[in-house]
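Enquirer: Next comes the structure file protein_12.cif, holding mmCIF, C-alpha atoms.
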data_target
loop_
_atom_site.label_atom_id
_atom_site.label_comp_id
_atom_site.auth_asym_id
_atom_site.auth_seq_id
_atom_site.Cartn_x
_atom_site.Cartn_y
_atom_site.Cartn_z
CA MET A 1246 6.49 13.23 68.01
CA ALA A 1247 3.17 12.46 66.45
CA LEU A 1248 1.85 8.91 66.32
CA GLN A 1249 1.09 7.07 63.11
CA THR A 1250 -2.32 8.39 62.14
CA TYR A 1251 -5.08 7.08 59.91
CA THR A 1252 -8.44 8.41 58.77
CA PHE A 1253 -11.35 6.05 58.23
CA ALA A 1254 -14.10 7.91 56.42
CA TYR A 1255 -17.14 7.45 54.25
CA TRP A 1256 -18.96 10.15 52.37
CA GLY A 1257 -22.70 10.03 51.76
CA GLU A 1258 -24.07 7.17 53.84
CA GLN A 1259 -27.85 7.12 53.70
CA PHE A 1260 -29.70 7.20 57.01
CA ALA A 1261 -31.76 4.20 58.11
CA ASN A 1262 -33.32 3.04 61.34
CA ASN A 1263 -30.80 1.56 63.80
CA LYS A 1264 -28.14 1.62 61.10
CA SER A 1265 -24.46 1.57 61.93
CA MET A 1266 -23.42 4.47 59.69
CA LEU A 1267 -19.71 3.79 60.22
CA ALA A 1268 -18.02 1.50 62.71
CA LEU A 1269 -14.47 0.58 63.64
CA LEU A 1270 -13.39 -2.61 65.41
CA ASN A 1271 -9.95 -3.50 66.69
CA GLY A 1272 -10.28 -7.24 66.26
CA VAL A 1273 -8.61 -9.90 68.38
CA GLY A 1274 -5.10 -10.65 67.17
CA SER A 1275 -4.38 -7.22 65.74
CA GLY A 1276 -1.47 -6.67 68.11
CA VAL A 1277 -2.22 -2.94 68.26
CA VAL A 1278 -4.12 -0.50 70.42
CA ALA A 1279 -6.32 1.85 68.37
CA LYS A 1280 -6.87 5.32 69.79
CA VAL A 1281 -9.70 7.42 68.41
CA TRP A 1282 -8.86 11.10 68.66
CA ARG A 1283 -11.57 12.71 66.59
CA VAL A 1284 -14.97 11.74 65.20
CA LEU A 1285 -16.43 14.12 62.62
CA LEU A 1286 -19.92 14.25 61.13
CA LEU A 1287 -20.98 16.43 58.20
CA ASN A 1288 -24.32 16.86 56.47
CA SER A 1289 -23.79 15.66 52.92
CA SER A 1290 -27.30 15.81 51.49
CA LEU A 1291 -27.08 17.84 48.30
CA THR A 1292 -30.44 17.09 46.78
CA THR A 1293 -33.74 18.14 48.31
CA VAL A 1294 -35.02 15.76 50.98
CA THR A 1295 -37.73 15.95 53.60
CA GLY A 1296 -35.50 15.80 56.59
CA VAL A 1297 -36.25 14.95 60.19
CA ILE A 1298 -34.42 15.29 63.46
CA ALA A 1299 -32.55 12.04 63.95
CA ALA A 1300 -30.81 10.73 67.06
CA ILE A 1301 -27.21 9.91 66.22
CA SER A 1302 -25.14 8.12 68.83
CA LEU A 1303 -21.54 7.11 69.34
CA ARG A 1304 -21.48 3.68 70.94
CA PRO A 1305 -18.90 1.14 72.08
CA LEU A 1306 -18.78 -2.22 70.30
CA SER A 1307 -17.54 -5.70 70.99
CA GLY A 1308 -18.19 -7.10 67.53
CA LEU A 1309 -18.70 -6.02 63.92
CA SER A 1310 -19.70 -8.09 60.92
CA ALA A 1311 -21.04 -7.68 57.40
CA GLY A 1312 -21.41 -4.21 55.95
CA THR A 1313 -19.18 -2.63 53.32
CA ALA A 1314 -15.51 -2.33 54.15
CA VAL A 1315 -13.92 1.11 54.35
CA THR A 1316 -10.16 1.41 53.78
CA ALA A 1317 -7.89 3.47 56.01
CA ILE A 1318 -6.12 6.52 54.64
CA LYS A 1319 -2.60 6.99 56.00
CA HIS A 1320 -1.69 10.53 56.98
CA ASP A 1321 1.88 9.66 55.99
CA SER A 1322 2.58 7.08 53.30
CA ASN A 1323 5.52 5.86 55.40
CA ASN A 1324 3.09 4.61 58.09
CA ALA A 1325 2.73 0.89 58.65
CA ASN A 1326 -0.17 -0.89 57.01
CA VAL A 1327 -3.28 -1.32 59.15
CA PRO A 1328 -3.51 -4.88 60.54
CA ALA A 1329 -6.21 -6.95 58.86
CA GLN A 1330 -7.97 -7.38 62.21
CA VAL A 1331 -8.63 -3.63 62.43
CA VAL A 1332 -11.79 -3.33 60.37
CA CYS A 1333 -14.02 -0.43 59.45
CA SER A 1334 -17.36 -0.81 57.73
CA ARG A 1335 -20.52 1.07 56.89
CA GLY A 1336 -23.92 -0.48 57.28
CA GLY A 1337 -22.46 -3.34 59.29
CA THR A 1338 -23.90 -5.39 62.13
CA ALA A 1339 -22.51 -3.98 65.33
CA THR A 1340 -22.58 -5.75 68.69
CA GLU A 1341 -23.05 -2.88 71.10
CA VAL A 1342 -21.82 -2.95 74.66
CA GLY A 1343 -21.84 -0.56 77.56
CA THR A 1344 -23.11 2.95 77.61
CA THR A 1345 -23.67 5.41 74.83
CA LEU A 1346 -20.74 7.82 74.70
CA ARG A 1347 -22.47 10.63 72.85
CA ARG A 1348 -25.93 11.24 71.48
CA ILE A 1349 -26.87 14.22 69.37
CA ALA A 1350 -29.95 15.46 67.55
CA TRP A 1351 -29.07 15.77 63.87
CA SER A 1352 -31.04 17.34 61.07
CA THR A 1353 -31.17 15.09 58.01
CA ASP A 1354 -32.45 17.95 55.85
CA GLU A 1355 -30.20 19.27 53.09
CA PRO A 1356 -28.16 22.47 53.55
CA ALA A 1357 -29.21 25.38 51.37
CA VAL A 1358 -27.59 28.60 50.21
CA SER A 1359 -28.49 31.81 52.05
CA SER A 1360 -29.94 29.88 54.92
CA ALA A 1361 -29.06 29.83 58.60
CA THR A 1362 -30.32 26.66 60.20
CA SER A 1363 -28.77 23.60 61.76
CA ASP A 1364 -28.61 22.07 58.25
CA GLU A 1365 -25.94 24.58 57.29
CA LEU A 1366 -24.23 24.67 60.70
CA GLN A 1367 -23.73 20.94 60.28
CA ASN A 1368 -21.24 21.77 57.52
CA LEU A 1369 -18.95 24.01 59.56
CA VAL A 1370 -16.08 21.66 60.26
CA PRO A 1371 -14.92 22.87 63.69
CA LEU A 1372 -18.46 22.57 65.07
CA ASN A 1373 -18.98 18.98 64.06
CA TYR A 1374 -16.32 17.01 65.85
CA ILE A 1375 -18.65 15.04 68.09
CA TRP A 1376 -15.62 13.50 69.78
CA ASP A 1377 -12.44 15.50 70.30
CA ALA A 1378 -11.26 14.33 73.71
CA GLY A 1379 -7.73 14.93 74.83
CA TYR A 1380 -6.69 16.57 71.61
CA GLY A 1381 -3.20 17.92 72.22
CA ASP A 1382 -3.57 17.39 75.96
CA ALA A 1383 -1.45 14.60 77.37
CA ASN A 1384 -3.61 14.45 80.50
CA VAL A 1385 -6.77 13.26 78.75
CA GLN A 1386 -7.10 9.88 77.11
CA PRO A 1387 -8.60 9.42 73.68
CA LEU A 1388 -11.09 6.61 73.13
CA THR A 1389 -8.83 3.62 73.52
CA LEU A 1390 -9.79 0.46 71.66
CA ARG A 1391 -8.02 -2.65 72.80
CA GLU A 1392 -8.38 -5.94 70.95
CA GLY A 1393 -12.04 -6.90 70.72
CA GLU A 1394 -13.27 -3.33 71.17
CA GLY A 1395 -14.72 -0.82 68.76
CA ILE A 1396 -17.03 2.13 68.22
CA SER A 1397 -19.96 2.87 65.96
CA VAL A 1398 -21.82 5.96 64.80
CA LYS A 1399 -25.42 4.83 64.80
CA CYS A 1400 -28.66 6.29 63.48
CA GLU A 1401 -31.35 5.58 66.07
CA THR A 1402 -34.26 7.12 64.19
CA SER A 1403 -36.53 5.62 61.58
CA THR A 1404 -35.74 7.67 58.52
CA THR A 1405 -34.14 7.20 55.13
CA ALA A 1406 -34.05 10.88 54.24
CA GLY A 1407 -30.63 12.41 53.79
CA TYR A 1408 -26.98 11.41 53.89
CA LEU A 1409 -24.16 11.64 56.38
CA ASP A 1410 -20.38 11.93 56.13
CA VAL A 1411 -18.46 10.29 58.97
CA ALA A 1412 -14.72 10.30 59.69
CA PHE A 1413 -12.68 8.66 62.45
CA GLU A 1414 -9.15 9.95 63.10
CA VAL A 1415 -7.18 7.14 64.70
CA THR A 1416 -3.66 6.29 65.83
CA LEU A 1417 -2.37 2.72 66.07
CA GLU A 1418 0.23 1.76 68.63
CA MET B 228 13.10 24.60 71.28
CA PRO B 229 14.31 24.67 67.65
CA GLU B 230 11.83 26.26 65.30
CA THR B 231 10.41 24.50 62.31
CA ASN B 232 10.20 26.56 59.17
CA VAL B 233 6.57 27.43 58.48
CA TYR B 234 5.17 28.76 55.23
CA THR B 235 1.80 30.10 54.14
CA TYR B 236 0.45 29.60 50.67
CA ALA B 237 -2.55 31.71 49.72
CA ALA B 238 -4.68 31.86 46.59
CA GLN B 239 -7.35 34.49 46.09
CA TYR B 240 -10.54 34.66 44.05
CA ILE B 241 -10.35 31.19 42.59
CA SER B 242 -13.49 31.01 40.50
CA ILE B 243 -15.93 28.15 40.82
CA LEU B 244 -15.94 25.73 37.91
CA PRO B 245 -16.72 22.01 37.66
CA GLU B 246 -13.71 19.87 38.58
CA ARG B 247 -11.72 23.05 39.30
CA VAL B 248 -8.54 22.52 41.27
CA LEU B 249 -9.08 25.14 43.98
CA PHE B 250 -5.57 24.52 45.22
CA ALA B 251 -2.91 21.84 45.06
CA ILE B 252 0.46 21.46 46.68
CA PHE B 253 2.85 18.87 45.31
CA ASN B 254 6.18 17.77 46.73
CA GLY B 255 8.03 16.72 43.60
CA ALA B 256 10.71 14.07 43.40
CA GLY B 257 14.12 15.47 44.20
CA SER B 258 12.97 18.16 46.62
CA GLY B 259 14.75 16.53 49.54
CA ARG B 260 11.93 17.73 51.78
CA VAL B 261 8.90 16.49 53.68
CA VAL B 262 5.91 18.85 53.56
CA ARG B 263 3.42 18.71 56.43
CA VAL B 264 0.11 20.51 55.94
CA HIS B 265 -1.23 21.61 59.31
CA ASP B 266 -4.11 23.95 58.53
CA ILE B 267 -6.31 24.72 55.55
CA TRP B 268 -8.84 27.51 55.29
CA MET B 269 -11.35 28.14 52.52
CA SER B 270 -13.32 31.38 52.66
CA ASN B 271 -15.98 33.03 50.55
CA PRO B 272 -14.68 36.38 49.26
CA HIS B 273 -17.25 36.85 46.54
CA ILE B 274 -18.96 40.23 46.61
CA ALA B 275 -20.75 40.41 43.26
CA THR B 276 -24.25 39.00 43.32
CA VAL B 277 -24.64 35.32 42.59
CA SER B 278 -28.30 34.75 41.92
CA PRO B 279 -30.35 31.60 41.72
CA PRO B 280 -30.08 29.30 39.86
CA GLN B 281 -26.32 30.00 39.77
CA SER B 282 -26.13 29.94 43.57
CA MET B 283 -26.14 26.40 44.87
CA THR B 284 -24.68 23.90 47.29
CA MET B 285 -21.63 22.15 45.88
CA THR B 286 -19.06 19.62 46.99
CA ALA B 287 -15.29 19.92 47.35
CA TYR B 288 -12.90 17.04 47.95
CA LEU B 289 -9.64 17.17 49.92
CA SER B 290 -7.44 14.46 48.48
CA PHE B 291 -3.94 13.11 48.34
CA ILE B 292 -2.59 13.27 44.77
CA ASP B 293 0.29 11.69 42.92
CA SER B 294 0.76 14.30 40.19
CA TYR B 295 0.00 17.97 39.57
CA VAL B 296 0.29 20.24 36.56
CA PRO B 297 -0.74 23.72 37.74
CA HIS B 298 -2.54 26.30 35.66
CA PHE B 299 -1.17 29.06 37.86
CA ARG B 300 1.71 28.70 40.30
CA LEU B 301 2.04 30.72 43.51
CA ARG B 302 4.95 31.34 45.87
CA ALA B 303 5.15 30.51 49.54
CA VAL B 304 5.31 33.25 52.14
CA PRO B 305 7.77 32.22 54.89
CA HIS B 306 6.71 33.14 58.42
CA ASP B 307 10.32 34.12 59.02
CA MET B 308 12.01 35.86 56.12
CA ARG B 309 15.23 34.09 57.10
CA SER B 310 13.66 30.69 56.43
CA PRO B 311 15.20 28.81 53.51
CA GLN B 312 13.73 29.18 50.05
CA VAL B 313 11.19 26.51 49.18
CA PRO B 314 12.73 24.06 46.67
CA THR B 315 11.40 24.51 43.16
CA ASP B 316 10.20 20.91 43.24
CA VAL B 317 7.58 21.91 45.82
CA VAL B 318 4.76 23.32 43.72
CA PHE B 319 1.67 25.18 44.89
CA GLY B 320 -0.98 26.53 42.59
CA TRP B 321 -4.56 26.48 41.44
CA GLY B 322 -6.26 25.19 38.34
CA GLY B 323 -4.61 22.63 36.11
CA LYS B 324 -4.79 18.89 36.55
CA VAL B 325 -4.28 16.55 39.46
CA ASN B 326 -4.31 12.81 39.73
CA ILE B 327 -6.21 11.90 42.90
CA SER B 328 -5.02 8.85 44.82
CA ARG B 329 -7.29 8.98 47.88
CA THR B 330 -9.83 11.42 49.30
CA ILE B 331 -9.65 12.20 53.00
CA ARG B 332 -12.44 14.77 53.45
CA ARG B 333 -15.48 16.08 51.62
CA TYR B 334 -17.14 19.44 52.19
CA SER B 335 -20.42 21.02 51.19
CA TRP B 336 -20.10 24.67 50.19
CA SER B 337 -22.42 27.51 49.24
CA ASN B 338 -21.19 29.65 46.35
CA ASP B 339 -23.61 32.48 47.09
CA GLU B 340 -22.04 35.86 47.77
CA SER B 341 -21.38 37.36 51.17
CA THR B 342 -23.48 40.38 52.08
CA THR B 343 -23.75 42.72 55.01
CA GLY B 344 -26.52 42.53 57.56
CA GLU B 345 -27.05 38.80 57.28
CA SER B 346 -26.10 35.81 59.34
CA VAL B 347 -26.27 32.91 56.95
CA TRP B 348 -24.02 30.16 55.64
CA GLU B 349 -22.05 32.46 53.28
CA GLN B 350 -21.07 34.79 56.11
CA TRP B 351 -20.09 31.91 58.37
CA GLN B 352 -17.78 30.70 55.62
CA ASN B 353 -15.76 33.85 56.29
CA LEU B 354 -15.34 33.32 60.02
CA HIS B 355 -11.71 32.28 60.16
CA GLY B 356 -12.01 30.08 63.23
CA LEU B 357 -15.32 28.57 62.19
CA GLY B 358 -16.61 28.08 58.66
CA SER B 359 -13.29 28.80 56.94
CA SER B 360 -11.32 26.18 58.81
CA ILE B 361 -11.64 22.97 56.81
CA TRP B 362 -8.58 21.11 58.11
CA SER B 363 -6.77 21.57 61.39
CA SER B 364 -4.00 19.32 62.63
CA PRO B 365 -2.50 19.60 66.09
CA ASN B 366 -0.48 22.72 66.62
CA PRO B 367 3.02 21.83 65.36
CA PHE B 368 4.58 23.54 68.35
CA LEU B 369 2.74 21.59 71.02
CA GLN B 370 5.14 19.45 72.96
CA TYR B 371 2.56 16.66 72.79
CA ARG B 372 1.27 16.11 69.27
CA PRO B 373 -0.83 12.96 69.20
CA THR B 374 -1.77 12.81 65.54
CA GLN B 375 0.02 13.48 62.28
CA ALA B 376 -0.45 16.41 59.98
CA LEU B 377 -1.14 15.57 56.35
CA THR B 378 2.34 14.46 55.33
CA LEU B 379 3.60 14.78 51.78
CA ARG B 380 6.67 12.78 50.85
CA GLU B 381 8.42 13.24 47.53
CA GLY B 382 6.02 12.40 44.72
CA GLU B 383 2.96 13.17 46.84
CA GLY B 384 0.62 16.12 47.08
CA LEU B 385 -2.68 17.39 48.36
CA SER B 386 -5.50 19.06 46.46
CA LEU B 387 -8.94 20.54 46.95
CA THR B 388 -11.12 19.98 43.92
CA LEU B 389 -14.71 20.68 43.05
CA ASP B 390 -17.09 17.94 42.12
CA PRO B 391 -16.62 16.97 38.45
CA SER B 392 -20.34 16.31 38.16
CA LEU B 393 -21.18 19.86 39.21
CA VAL B 394 -23.66 21.33 36.75
CA LEU B 395 -23.49 25.10 36.51
CA VAL B 396 -26.25 27.09 34.93
CA PRO B 397 -24.84 29.46 32.28
CA ALA B 398 -25.13 33.16 32.97
CA LEU B 399 -24.39 36.35 31.09
CA ILE B 400 -21.61 37.79 33.20
CA TYR B 401 -18.08 36.56 33.86
CA ALA B 402 -17.51 34.29 36.86
CA PRO B 403 -21.15 34.24 37.93
CA TRP B 404 -20.68 31.21 40.13
CA GLY B 405 -18.66 32.81 42.88
CA SER B 406 -15.12 32.25 44.06
CA VAL B 407 -13.10 31.11 47.04
CA ASP B 408 -9.90 32.07 48.81
CA ILE B 409 -7.57 29.33 49.98
CA MET B 410 -4.89 29.55 52.64
CA ILE B 411 -2.71 26.75 53.92
CA ASP B 412 -0.02 26.65 56.59
CA CYS B 413 2.63 24.01 56.22
CA THR B 414 6.03 23.09 57.54
CA ILE B 415 8.79 22.08 55.16
CA GLU B 416 11.47 19.92 56.71
CA GLU B 417 14.58 18.13 55.56
CA GLY B 418 13.54 14.78 54.12
#
Kindly return the structure encoded in the file as structure tokens.

Expert:
Amino acid sequence: MALQTYTFAYWGEQFANNKSMLALLNGVGSGVVAKVWRVLLLNSSLTTVTGVIAAISLRPLSGLSAGTAVTAIKHDSNNANVPAQVVCSRGGTATEVGTTLRRIAWSTDEPAVSSATSDELQNLVPLNYIWDAGYGDANVQPLTLREGEGISVKCETSTTAGYLDVAFEVTLE
Amino acid sequence: MPETNVYTYAAQYISILPERVLFAIFNGAGSGRVVRVHDIWMSNPHIATVSPPQSMTMTAYLSFIDSYVPHFRLRAVPHDMRSPQVPTDVVFGWGGKVNISRTIRRYSWSNDESTTGESVWEQWQNLHGLGSSIWSSPNPFLQYRPTQALTLREGEGLSLTLDPSLVLVPALIYAPWGSVDIMIDCTIEEG
């Protein structure tokens, strides 16, 4: 039996230095445990930009404020509503804790037709789940966010060229 | 283990147009069913040359919808010919009009044609396990399924639409902007 599942996603967030591109926090008082099964990035720059290689990291959080709220999408409309304490935002202020979970080198250049570079590979969906732990395997835990814990996809490079799509696939228990 | 009835819907050579509904599936009121979409593939079958400036990067949106009027309706192919008929209230098709309620994914896509002897984006879009796979839920037959497929209750649907702001450069031949094939696998269960 599948668990109640939600997608938090934003399409077309512009890169910036040390920016939290998308973050999720399971705030104190939510009464739920949030489990992050998949984190997906896609290169959404459609217009010509002068891209760079940017460091993108997936980092644990203990706090999240400001930014622009992003609403959860239920995978089944019968699912319970997301508690107000579970917040997702783009461009927010993230209080990072602990160790970086993932760090990848990402091209911020736009994809182009008839080309074969990382810019285009960054649009092939199965290749761009930067977190897919334990998917379908009961022996491996997903990223488990208890109250007061969260994650953020962060741009660590000083650039404003290009745009990124980010999606978190999450269950709430 | 009891089997769940699985169906494939497939649409071929859907031409690229602004705001085109590349596919939609809608579980109409009264069907008595729950439709769960587990996998979606979009591939690039176009063979005729698409030349610049007609060839371009474009955007498609995978969205939940709350209504659908198809331009062209297609039948489901059951994976077991003994599976029950799909209720007529469950509609699959391409073209027409949808009313989008919420978008769950966005994809960039090249409409250039596939050719031999190349290894570029358009060819990767035809690799079934790679560029074609745009949505994949957990295998419905795993004993442990952590996350939900895209679940369509009565009055709900799912569509893949092209960007309405897409600007296509006119050309002299028919369908110069390429086309896509769509395939989805879904289970249809008693509601």

Enquirer: Identify all residues satisfying the PyMOL selection byres ((chain A) within 6 of (chain B)) in the given file; provide them as a PyMOL selection string.

Expert: chain A and resi 1247-1248+1250+1320-1321+1358-1361+1369-1371+1381

Enquirer: Do you have the atom CA of Cys1400 of chain A-atom CA of Ser1265 of chain A distance handy?

Expert: 6.5 Å

Enquirer: For the provided coordinates, the residues matched by the PyMOL selection byres ((chain A and resi 1322-1331) around 6) should be stated as a PyMOL selection string.

Expert: chain A and resi 1249+1270-1272+1275+1319+1321+1332

Enquirer: Would you please work out which residue, of A:Ala1299, A:Leu1372, A:Val1278, A:Val1415, is nearest to Lys1399 of chain A when using only C-alpha atoms?

Expert: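 Comparing A:Ala1299, A:Leu1372, A:Val1278, A:Val1415 against Lys1399 of chain A, the winner is A:Ala1299.
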
Enquirer: For Asn1373 of chain A, which residue among A:Ala1406, A:Ile1396, A:Ala1261, A:Val1411 is the nearest when counting only C-alpha atoms?

Expert: A:Val1411

Enquirer: Expanded to explicit residues, what is the PyMOL selection byres ((chain A and resi 1301) around 8) for this file, as a ChimeraX atom specification?

Expert: /A:1299-1300,1302-1303,1348-1351,1398-1402

Enquirer: Taking 6 positions as the minimum chain separation for residues in the same chain, which residues sit within 7 Å of Asp408 of chain B when counting all atoms listed in the file? Answer as a VMD selection string.

Expert: chain B and resid 238 to 241 269 to 272

Enquirer: Residues as selected, C-alpha atoms, written as an mmCIF file, in the frame of the given file, can you do that?

Expert:
data_model
loop_
_atom_site.group_PDB
_atom_site.id
_atom_site.type_symbol
_atom_site.label_atom_id
_atom_site.label_comp_id
_atom_site.auth_asym_id
_atom_site.auth_seq_id
_atom_site.Cartn_x
_atom_site.Cartn_y
_atom_site.Cartn_z
ATOM 1 C CA ALA B 238 -4.680 31.860 46.590
ATOM 2 C CA GLN B 239 -7.350 34.490 46.090
ATOM 3 C CA TYR B 240 -10.540 34.660 44.050
ATOM 4 C CA ILE B 241 -10.350 31.190 42.590
ATOM 5 C CA MET B 269 -11.350 28.140 52.520
ATOM 6 C CA SER B 270 -13.320 31.380 52.660
ATOM 7 C CA ASN B 271 -15.980 33.030 50.550
ATOM 8 C CA PRO B 272 -14.680 36.380 49.260
#

Enquirer: Please determine the residues with any atom at most 8 Å from (4.5, 20.6, 52.8) (coordinates as given in the file, with all atoms listed in the file counting) and report them as a PyMOL selection string.

Expert: chain B and resi 252-254+261-264+317+378-379+413-415

Enquirer: Could you please take those selected residues and save C-alpha atoms as a PDB file, in the coordinates of the input?

Expert:
ATOM      1  CA  ILE B 252       0.460  21.460  46.680  1.00  0.00           C
ATOM      2  CA  PHE B 253       2.850  18.870  45.310  1.00  0.00           C
ATOM      3  CA  ASN B 254       6.180  17.770  46.730  1.00  0.00           C
ATOM      4  CA  VAL B 261       8.900  16.490  53.680  1.00  0.00           C
ATOM      5  CA  VAL B 262       5.910  18.850  53.560  1.00  0.00           C
ATOM      6  CA  ARG B 263       3.420  18.710  56.430  1.00  0.00           C
ATOM      7  CA  VAL B 264       0.110  20.510  55.940  1.00  0.00           C
ATOM      8  CA  VAL B 317       7.580  21.910  45.820  1.00  0.00           C
ATOM      9  CA  THR B 378       2.340  14.460  55.330  1.00  0.00           C
ATOM     10  CA  LEU B 379       3.600  14.780  51.780  1.00  0.00           C
ATOM     11  CA  CYS B 413       2.630  24.010  56.220  1.00  0.00           C
ATOM     12  CA  THR B 414       6.030  23.090  57.540  1.00  0.00           C
ATOM     13  CA  ILE B 415       8.790  22.080  55.160  1.00  0.00           C
TER      14      ILE B 415
END

Enquirer: Write out as a list in words the residues lying within 9 Å of Arg1335 of chain A, counting all atoms listed in the file and excluding same-chain residues fewer than 4 positions away.

Expert: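 Those residues are Tyr1255, Glu1258, Lys1264, Ser1265, Met1266, Leu1267, Ala1268, Ala1311, Gly1312, Thr1313, Ala1314 and Val1315 of chain A.
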
Enquirer: One decimal, Å: what's the distance from atom CA of Leu289 of chain B over to atom CA of Ile243 of chain B, could you say?

Expert: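 Taking atom CA of Leu289 of chain B and atom CA of Ile243 of chain B, their separation equals 15.6 Å.
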
Enquirer: Taking (-33.7, 5.6, 51.3) in the file's own coordinates, collect the residues within 9 Å, counting all atoms listed in the file, and hand them back as an MDAnalysis selection string.

Expert: chainID A and resid 1259:1261 1404:1407

Enquirer: Find the spatial neighbours of Pro311 of chain B, counting all atoms listed in the file, within a cut-off of 12 Å - ignore same-chain residues fewer than 6 positions away - and output them as a list in words.

Expert: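 Returned residues: Thr231, Asn232, Val233, Tyr234, Arg260, Ala303, Val304, Pro305, Thr414, Ile415, Glu416 and Glu417 of chain B.
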
Enquirer: Take the residues from that selection and write them out as a PDB file, in the frame of the given file, keeping C-alpha atoms.

Expert:
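Written out: out-v8.pdb:
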ATOM      1  CA  THR B 231      10.410  24.500  62.310  1.00  0.00           C
ATOM      2  CA  ASN B 232      10.200  26.560  59.170  1.00  0.00           C
ATOM      3  CA  VAL B 233       6.570  27.430  58.480  1.00  0.00           C
ATOM      4  CA  TYR B 234       5.170  28.760  55.230  1.00  0.00           C
ATOM      5  CA  ARG B 260      11.930  17.730  51.780  1.00  0.00           C
ATOM      6  CA  ALA B 303       5.150  30.510  49.540  1.00  0.00           C
ATOM      7  CA  VAL B 304       5.310  33.250  52.140  1.00  0.00           C
ATOM      8  CA  PRO B 305       7.770  32.220  54.890  1.00  0.00           C
ATOM      9  CA  THR B 414       6.030  23.090  57.540  1.00  0.00           C
ATOM     10  CA  ILE B 415       8.790  22.080  55.160  1.00  0.00           C
ATOM     11  CA  GLU B 416      11.470  19.920  56.710  1.00  0.00           C
ATOM     12  CA  GLU B 417      14.580  18.130  55.560  1.00  0.00           C
TER      13      GLU B 417
END

Enquirer: Would you mind reading off the distance between atom CA of Ile274 of chain B and atom CA of Leu395 of chain B, one decimal, in Å?

Expert: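 Taking atom CA of Ile274 of chain B as the start and atom CA of Leu395 of chain B as the end point, the length is 18.7 Å.
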
Enquirer: Rank A:Trp1256, A:Gly1395, A:Asp1377, A:Phe1413 by their smallest atom-to-atom distance to Val1342 of chain A, using only C-alpha atoms, and report the top residue only.

Expert: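 Nearest to Val1342 of chain A: A:Gly1395.
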